[in-house]
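In what follows, a single structure is set out as C-alpha cells and then discussed.
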Amino acid sequence: MTDIKSKSQARRERTLATRRRMVGAAYRLFCEKGYVATTMEAIAREAHVAVPTLYFTFRTKGAILGEVLGAAVMGFDEPVGPEDAPWYRAFEAEPDAGRALKILVENTAPILRRVAPLVAATHAAAG
C-alpha cells in the first residue's frame, strides 16, 4: 500500500511541477512579448513540454493567462490568497490605521510587482 501511495504521490508532484513550469513560462512570455505575440507553441517550448500537454492542461491561451494572473496574485511556489496570509490577519487586527496601512502596503507591493507586467497582456486578451 505504501509503495502505491508513494508512486501516486510522486506522480502528483511531477504533475504539479510540470504545471508550475508551464505557468512560469507563460508568465515570462506574456510579460516579455505580450499576449498576442505569445503562442501556445512558444509557451510549450519554454516550459519544455509538448504542445498537446499544454492544451490538455489549460485548453486555451486565455485559460493559461487566467492561471498566470492567479499565480501572480497568490504566488508561484506556495500559493496563498492574500486573505489567507498571516499578514492579512495582522492587517485586520491592527487598531491603528497608520500601522494597518503600512502592513497593507508592505505586503501588497510584491503582489502588484508580479501583476503589473501582465496588465497589457490582459487588455490585449480582452480586446
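Scheme for the C-alpha cells: letters A, B, ... for chains in order shown; per-chain residue numbers from 1; ligand numbers from 1 in order shown.
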At a cut-off of 12 Å, can you tabulate as a Markdown table every residue of stretch 48-72 of chain A near stretch 114-117 of chain A together with its closest atom pair and the distance in Å to one decimal, using only C-alpha atoms and ordering rows by chain then number?
| residue | atom | partner | partner_atom | distance |
| --- | --- | --- | --- | --- |
| A:Leu65 | CA | A:Val115 | CA | 11.5 |
| A:Gly66 | CA | A:Val115 | CA | 11.6 |
| A:Val68 | CA | A:Val115 | CA | 9.1 |
| A:Leu69 | CA | A:Val115 | CA | 6.8 |
| A:Gly70 | CA | A:Val115 | CA | 9.1 |
| A:Ala71 | CA | A:Arg114 | CA | 9.0 |
| A:Ala72 | CA | A:Arg114 | CA | 5.3 |
Inset, instruction - Do a neighbour search on A:Thr57 at 12 Å with only C-alpha atoms, toss out local chain neighbours closer than 6 positions, and write the hits as a VMD selection string. - result: chain A and resid 15 to 16 18 to 20 22 to 23 40 44 49 to 51 63 to 64 67
Inset, instruction - Choose the residue, out of A:Arg12, A:Pro52, A:Ala17, A:Glu32, that has the smallest atom-to-atom separation from A:Val119; count only C-alpha atoms. - result: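 When distances to A:Val119 are compared using only C-alpha atoms, the smallest one comes from A:Glu32.
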Legend entry - alpha helix (DSSP H) per DSSP on the backbone: members of stretch 40-105 of chain A, as an MDAnalysis selection string: chainID A and resid 40:47 51:58 61:74 86:93 97:105
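For stretch 100-105 of chain A, the residues within 12 Å (counting only C-alpha atoms, excluding itself and residues fewer than 3 positions away along the chain) are Pro82, Glu83, Ala85, Pro86, Trp87, Tyr88, Arg89, Ala90, Phe91, Glu92, Ala93, Glu94, Pro95, Asp96, Ala97, Thr108, Ala109, Pro110, Ile111, Leu112 and Arg113 of chain A.
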Inset, instruction - Could you give me, as a list in words, the residues within 8 Å of stretch 121-123 of chain A, counting only C-alpha atoms and dropping anything in the same chain fewer than 5 positions from it? - result: Phe30, Cys31, Gly34, Tyr35, Val36 and Leu65 of chain A
Legend entry - For atom CA of A:His48 and atom CA of A:Ala10, the interatomic separation in Å (one decimal): 19.2 Å
Inset, instruction - Skip A:Thr38 itself and residues of its chain fewer than 5 positions away, then list as a PyMOL selection string all residues within 9 Å of it, counting only C-alpha atoms. - result: chain A and resi 26+29-30+32-33+43+61
Requested write-out: C-alpha atoms of the selected residues, as a PDB file, in the first residue's frame:
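See part.pdb below for the written result:
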ATOM      1  CA  ALA A  26       3.645  31.658 -19.789  1.00  0.00           C
ATOM      2  CA  LEU A  29       6.478  35.207 -22.198  1.00  0.00           C
ATOM      3  CA  PHE A  30       3.322  37.254 -21.558  1.00  0.00           C
ATOM      4  CA  GLU A  32       8.164  39.891 -22.310  1.00  0.00           C
ATOM      5  CA  LYS A  33       6.223  39.581 -25.584  1.00  0.00           C
ATOM      6  CA  ILE A  43       4.916  28.538 -24.034  1.00  0.00           C
ATOM      7  CA  LYS A  61      -4.353  30.662 -24.201  1.00  0.00           C
TER       8      LYS A  61
END
